[in-house]
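Student: If you scroll down you'll find the structure; I have some questions about it.
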Amino acid sequence: MKMKIQSLIIGIILLAFASYPAAQAGENDFQIAIGEEFQYKVSWSFIRLGTLKLEVADTVRMDGTLLYHLKLNMDSNPVLFFVNIHSVYETFIDEMLRVHLFYANERIDNILYKTEYRFDYVSKLIHINMTDIKNPSNTIIDTQPLSHQALFDGTGMVFYARANAHKTEADTLTAYFEAKYGKVSINFKGKKGAQKIDALQKPMPTYFIDGEVHMKAIAGLSGPFKGWFVIDSQRPPLIAELKVFIGSVKVELEDWRGWNHPGVK
């Protein structure tokens, strides 16, 4: 009887690990590395539009839940007169990579707001706080029903793709941007050969994904996309092809900090 109980306990433990978040399970050795920074150049044809920097700043606890604090910095090329973007998006995601807290500056109904969204999956509510940057006395406080058990913002979705890039399957995520829901289709294609970029001396083996954004997201992101991720425990995005408000752009890794790949100094 004692042996049966021990076997049952071991079976439960193994089942728990088998169903643990994708960021830590089985063949998937993806790890969120605190302190990592990846910087990308964004190009439209031969023109450099700007720079993206993706950072894992630290971890915090909110209502007893461990959250990863992510930052996305977006800066347009200062020499371009037709685009002027300087934004910081802060996202807090759990081990299932769902967004719990999101800060940003967002333009809604032609007014630029400093926004805060809190996603409460227990009470199934989204708490929204918006402050007009030009007129701080103009604030909006609202609550919306949270109708999904897993919501993702743009930054969290990048981490979801990194965590699951080794798979070969199709998936659809529910995204949330500027107080609106939308769908994002992702096709995980598994290994896709080596890719060479200017910042690295040799090609890197990669996983490949493609899909479609069925909404308007950050910088007008919508429509089809492609992405290549380095095959290692951090799986940084190496190259992405996206459609934004100005047209089709290429996003390419150009600098980094805290990347522990054995072939990278």
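In the structure tokens, chains take letters A, B, ... by order of appearance, with residues numbered from 1 within each chain and ligands from 1 in the order shown.
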I'd like the neighbourhood of stretch 207-212 of chain A as a VMD selection string, where a residue qualifies if any of its atoms comes within 7 Å (using only C-alpha atoms), though same-chain residues fewer than 5 positions away should be ignored.

Tutor: chain A and resid 165 to 166 184 to 192 223 to 231

Student: Restricting it to C-alpha atoms, dump the selection as a PDB file, in the first residue's frame.

Tutor:
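Wrote it out as out-v6.pdb, contents follow:
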```
ATOM      1  CA  ALA A 165       9.312  28.307 -30.957  1.00  0.00           C
ATOM      2  CA  HIS A 166      10.532  24.690 -30.830  1.00  0.00           C
ATOM      3  CA  VAL A 184      -3.086  36.806 -33.319  1.00  0.00           C
ATOM      4  CA  SER A 185      -2.493  33.600 -35.284  1.00  0.00           C
ATOM      5  CA  ILE A 186       0.927  31.945 -34.925  1.00  0.00           C
ATOM      6  CA  ASN A 187       2.278  28.987 -36.902  1.00  0.00           C
ATOM      7  CA  PHE A 188       5.234  27.386 -35.152  1.00  0.00           C
ATOM      8  CA  LYS A 189       7.382  25.677 -37.804  1.00  0.00           C
ATOM      9  CA  GLY A 190      10.258  24.310 -35.694  1.00  0.00           C
ATOM     10  CA  LYS A 191      13.844  24.341 -36.941  1.00  0.00           C
ATOM     11  CA  LYS A 192      14.486  26.394 -40.068  1.00  0.00           C
ATOM     12  CA  GLY A 223      -1.284  41.625 -41.002  1.00  0.00           C
ATOM     13  CA  PRO A 224       1.243  38.871 -41.775  1.00  0.00           C
ATOM     14  CA  PHE A 225       4.566  38.446 -39.986  1.00  0.00           C
ATOM     15  CA  LYS A 226       7.598  36.152 -39.901  1.00  0.00           C
ATOM     16  CA  GLY A 227      10.175  35.567 -37.182  1.00  0.00           C
ATOM     17  CA  TRP A 228      13.418  33.663 -36.639  1.00  0.00           C
ATOM     18  CA  PHE A 229      14.627  32.763 -33.124  1.00  0.00           C
ATOM     19  CA  VAL A 230      18.073  31.517 -32.127  1.00  0.00           C
ATOM     20  CA  ILE A 231      18.102  27.902 -30.924  1.00  0.00           C
TER      21      ILE A 231
END
```

Student: Would you mind listing what lies within 12 Å of A:Asn135 as a list in words, with only C-alpha atoms counted and same-chain residues fewer than 6 positions away left out?

Tutor: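 Answer for this query is Ile111, Leu112, Tyr113 and Lys114 of chain A.
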
Student: Mind writing the picked residues with all heavy atoms as a PDB file, in the first residue's frame?

Tutor:
```pdb
ATOM      1  N   ILE A 111      -6.131  61.776 -28.106  1.00  0.00           N
ATOM      2  CA  ILE A 111      -5.587  62.305 -26.853  1.00  0.00           C
ATOM      3  C   ILE A 111      -4.505  61.343 -26.369  1.00  0.00           C
ATOM      4  O   ILE A 111      -4.715  60.123 -26.347  1.00  0.00           O
ATOM      5  CB  ILE A 111      -6.676  62.460 -25.777  1.00  0.00           C
ATOM      6  CG1 ILE A 111      -7.746  63.455 -26.237  1.00  0.00           C
ATOM      7  CG2 ILE A 111      -6.074  62.907 -24.447  1.00  0.00           C
ATOM      8  CD1 ILE A 111      -8.918  63.581 -25.271  1.00  0.00           C
ATOM      9  N   LEU A 112      -3.340  61.900 -25.970  1.00  0.00           N
ATOM     10  CA  LEU A 112      -2.246  61.069 -25.491  1.00  0.00           C
ATOM     11  C   LEU A 112      -2.392  60.859 -23.986  1.00  0.00           C
ATOM     12  O   LEU A 112      -2.347  61.804 -23.196  1.00  0.00           O
ATOM     13  CB  LEU A 112      -0.902  61.734 -25.799  1.00  0.00           C
ATOM     14  CG  LEU A 112       0.349  60.893 -25.493  1.00  0.00           C
ATOM     15  CD1 LEU A 112       0.354  59.612 -26.324  1.00  0.00           C
ATOM     16  CD2 LEU A 112       1.616  61.698 -25.759  1.00  0.00           C
ATOM     17  N   TYR A 113      -2.585  59.595 -23.608  1.00  0.00           N
ATOM     18  CA  TYR A 113      -2.791  59.239 -22.212  1.00  0.00           C
ATOM     19  C   TYR A 113      -1.604  58.435 -21.666  1.00  0.00           C
ATOM     20  O   TYR A 113      -0.979  57.659 -22.404  1.00  0.00           O
ATOM     21  CB  TYR A 113      -4.037  58.356 -22.045  1.00  0.00           C
ATOM     22  CG  TYR A 113      -5.347  59.037 -22.275  1.00  0.00           C
ATOM     23  CD1 TYR A 113      -5.999  58.949 -23.513  1.00  0.00           C
ATOM     24  CD2 TYR A 113      -5.981  59.748 -21.261  1.00  0.00           C
ATOM     25  CE1 TYR A 113      -7.230  59.546 -23.719  1.00  0.00           C
ATOM     26  CE2 TYR A 113      -7.216  60.350 -21.463  1.00  0.00           C
ATOM     27  CZ  TYR A 113      -7.830  60.247 -22.692  1.00  0.00           C
ATOM     28  OH  TYR A 113      -9.055  60.841 -22.908  1.00  0.00           O
ATOM     29  N   LYS A 114      -1.328  58.626 -20.381  1.00  0.00           N
ATOM     30  CA  LYS A 114      -0.497  57.676 -19.646  1.00  0.00           C
ATOM     31  C   LYS A 114      -1.455  56.640 -19.086  1.00  0.00           C
ATOM     32  O   LYS A 114      -2.342  56.968 -18.289  1.00  0.00           O
ATOM     33  CB  LYS A 114       0.262  58.371 -18.516  1.00  0.00           C
ATOM     34  CG  LYS A 114       1.193  57.448 -17.743  1.00  0.00           C
ATOM     35  CD  LYS A 114       1.985  58.217 -16.701  1.00  0.00           C
ATOM     36  CE  LYS A 114       2.931  57.276 -15.941  1.00  0.00           C
ATOM     37  NZ  LYS A 114       3.925  56.645 -16.850  1.00  0.00           N
TER      38      LYS A 114
END
```

Student: I need the residues in stretch 102-198 of chain A that are strand (DSSP E) according to DSSP; give them as a PyMOL selection string.

Tutor: chain A and resi 102-108+111-120+125-132+139-145+168-177+180-195

Student: So that I can check the surroundings of A:Ile126, please list as JSON, numbers by chain every protein, DNA and RNA residue that reaches within 6 Å of it, counting only C-alpha atoms and ignoring chain neighbours fewer than 2 positions away.

Tutor: {"A": [118, 119, 143, 144, 146]}

Student: Which one is closest to A:His261: A:Ala33, A:Ile246, A:Tyr103, A:Leu173? Count only C-alpha atoms.

Tutor: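 Among A:Ala33, A:Ile246, A:Tyr103, A:Leu173, it is A:Ala33 that comes nearest to A:His261.
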
Student: Which is closer to A:Tyr40 than all the others in A:Lys202, A:Arg235, A:His127, A:Lys250, using only C-alpha atoms?

Tutor: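 Using only C-alpha atoms, A:Tyr40 sits closest to A:Lys250.
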
Student: Considering only C-alpha atoms, return as a ChimeraX atom specification whatever protein or nucleic-acid residues lie within 9 Å of A:Ala199, sequence-local ones (same chain, fewer than 4 positions apart) excluded.

Tutor: /A:252-255

Student: Need the shell around stretch 89-99 of chain A: protein/DNA/RNA residues with any atom at most 10 Å away, counting only C-alpha atoms. Skip same-chain ones fewer than 2 positions apart. Format as JSON, numbers by chain?

Tutor: {"A": [20, 21, 22, 23, 24, 32, 54, 55, 56, 57, 58, 59, 60, 61, 62, 65, 66, 67, 68, 69, 70, 71, 72, 73, 74, 87, 101, 102, 103, 104, 105, 106, 116, 117, 118, 119, 120, 121, 149, 150, 151, 152, 153, 154, 155, 156, 157, 158, 159, 160, 163, 175, 176, 218]}

Student: Just give me the gap between atom CA of A:Thr206 and atom CA of A:Phe38 in Å, one decimal is fine.

Tutor: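 Distance between the two atoms: 16.4 Å.
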
Student: Pick out each residue of stretch 89-238 of chain A that DSSP on the backbone tags as helix (DSSP H, G or I); I need them as JSON, numbers by chain.

Tutor: {"A": [154, 155, 156, 157, 158, 159, 160, 161, 162, 163, 164, 218, 219, 220]}

Student: Please indicate the distance in Å from atom CA of A:Gly220 to atom CA of A:His100, rounded to one decimal place.

Tutor: 23.0 Å

Student: Between atom CA of A:Gly193 and atom CA of A:Thr51, what is the distance, to one decimal in Å?

Tutor: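 Straight-line distance from atom CA of A:Gly193 to atom CA of A:Thr51 works out to 26.3 Å.
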